[in-house]
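Everything below concerns the one structure shown next.
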Amino acid sequence: MKKNFKGKICAYCGSAQAATDDHIFARSLFLEGDRPDLPKAPACRKCNEAKSKLEHYVTAVLPFGGRHPQAGENLLKMVPRRLDKNRRLGQEMARSMRPAMA
């Protein structure tokens, strides 16, 4: 943990002492070239782990709705790796897919 967060209170629960510095926006939401200088906040381990689980789901699903310039690259480069790590989510998504309407 960086010194500037030492002794701080968790930004998420507001009660526990911070044990880590957490990227407010998950680094995994961004392509590697877009990751420098992402903001951080103090976080306790419990909140950081809970947020990490949610981020894993979000970073696998959210890119399918992207309309920004890097959306296609994000889908092709990052989503397959995330779904490989979470086979259950990948299978669930495959079952729920329907053919696009013409």
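Following the order of the structure tokens, chains are lettered A, B, ..., residues in each are numbered from 1, and ligands are numbered from 1.
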
Could you find all residues in chain A that DSSP calls helix (DSSP H, G or I) from the backbone, and write them as number ranges by chain?
-> A: 3-5, 27-29, 32-34, 45-65, 71-77, 79-85, 87-96

Which residues, written as number ranges by chain, have at least one atom at most 9 Å from segment 80-93 of chain A, with only C-alpha atoms counted and residues fewer than 4 positions away on the same chain left out?
-> A: 56-57, 59-61, 75-76, 97

Contact residues around Arg35 of chain A with only C-alpha atoms at 10 Å, ignoring same-chain residues under 5 positions, as a VMD selection string = chain A and resid 25 to 30

Export of prior selection with C-alpha atoms as a PDB file, in the first residue's frame:
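Output contents, as saved in again15.pdb:
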ATOM      1  CA  PHE A  25     -12.013   1.980 -11.918  1.00  0.00           C
ATOM      2  CA  ALA A  26     -10.743  -1.553 -12.462  1.00  0.00           C
ATOM      3  CA  ARG A  27      -7.581  -1.593 -14.553  1.00  0.00           C
ATOM      4  CA  SER A  28      -9.036  -4.552 -16.415  1.00  0.00           C
ATOM      5  CA  LEU A  29     -11.758  -2.307 -17.882  1.00  0.00           C
ATOM      6  CA  PHE A  30      -9.118  -0.575 -19.992  1.00  0.00           C
TER       7      PHE A  30
END

A:His23, A:His68, A:Arg45, A:Lys51 ranked by distance to Ile9 of chain A, top pick (using only C-alpha atoms) =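 For Ile9 of chain A, the nearest of the candidates is A:Arg45.
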
Would you mind telling me which residue in A:Gly33, A:Gly72, A:Gly66, A:Pro42 lies nearest to Tyr12 of chain A when using only C-alpha atoms?
->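 Closest candidate: A:Pro42.
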
Pick out each residue of chain A that DSSP on the backbone tags as strand (DSSP E); I need them as a JSON list (two decimals) with N, CA and C atoms, in the first residue's frame.
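Generated output (out.json):
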[["chain", "number", "residue", "atom", "x", "y", "z"],
["A", 20, "THR", "N", -5.21, -1.89, 1.63],
["A", 20, "THR", "CA", -4.71, -1.84, 0.25],
["A", 20, "THR", "C", -5.09, -0.51, -0.37],
["A", 21, "ASP", "N", -4.46, -0.21, -1.49],
["A", 21, "ASP", "CA", -4.92, 0.90, -2.31],
["A", 21, "ASP", "C", -5.61, 0.27, -3.52],
["A", 22, "ASP", "N", -6.82, 0.70, -3.79],
["A", 22, "ASP", "CA", -7.66, 0.09, -4.81],
["A", 22, "ASP", "C", -7.85, 1.05, -5.98],
["A", 23, "HIS", "N", -7.73, 0.53, -7.19],
["A", 23, "HIS", "CA", -8.07, 1.34, -8.36],
["A", 23, "HIS", "C", -9.59, 1.53, -8.36],
["A", 40, "LYS", "N", -6.93, 6.06, -7.38],
["A", 40, "LYS", "CA", -6.95, 5.01, -6.35],
["A", 40, "LYS", "C", -7.60, 5.54, -5.08],
["A", 41, "ALA", "N", -8.07, 4.60, -4.27],
["A", 41, "ALA", "CA", -8.68, 4.94, -2.99],
["A", 41, "ALA", "C", -8.24, 3.92, -1.95],
["A", 42, "PRO", "N", -8.23, 4.29, -0.67],
["A", 42, "PRO", "CA", -7.91, 3.32, 0.37],
["A", 42, "PRO", "C", -9.05, 2.31, 0.51],
["A", 43, "ALA", "N", -8.71, 1.03, 0.70],
["A", 43, "ALA", "CA", -9.73, -0.01, 0.82],
["A", 43, "ALA", "C", -9.29, -1.06, 1.83]]

Counting only C-alpha atoms, the option among A:Cys13, A:Arg98, A:Asn4, A:Lys77 closest to Cys44 of chain A =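 Checking each candidate against Cys44 of chain A, we get A:Cys13 as the closest.
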
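With atom CA of Asp34 of chain A on one side and atom CA of Ala50 of chain A on the other, the separation reads 24.3 Å.
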
Pick from A:Glu55, A:Leu38, A:Leu62, A:Cys47, whichever lies nearest to Asn74 of chain A using only C-alpha atoms =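 Among the listed residues, the smallest separation from Asn74 of chain A belongs to A:Leu62.
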
What separation in Å, quoted to one decimal, exists between atom CA of Asp37 of chain A and atom CA of Ile24 of chain A?
-> 11.1 Å

Closest of A:Pro69, A:Leu31, A:Pro63, A:Ala18 to Lys6 of chain A - atom-to-atom distances counting only C-alpha atoms |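 Selected residue with least distance to Lys6 of chain A: A:Ala18.
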
If you count only C-alpha atoms, the residue of A:Gly14, A:Gly7, A:Ser52, A:Val79 closest to Phe64 of chain A turns out to be A:Val79

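With atom CA of Ala16 of chain A on one side and atom CA of Pro36 of chain A on the other, the separation reads 27.8 Å.
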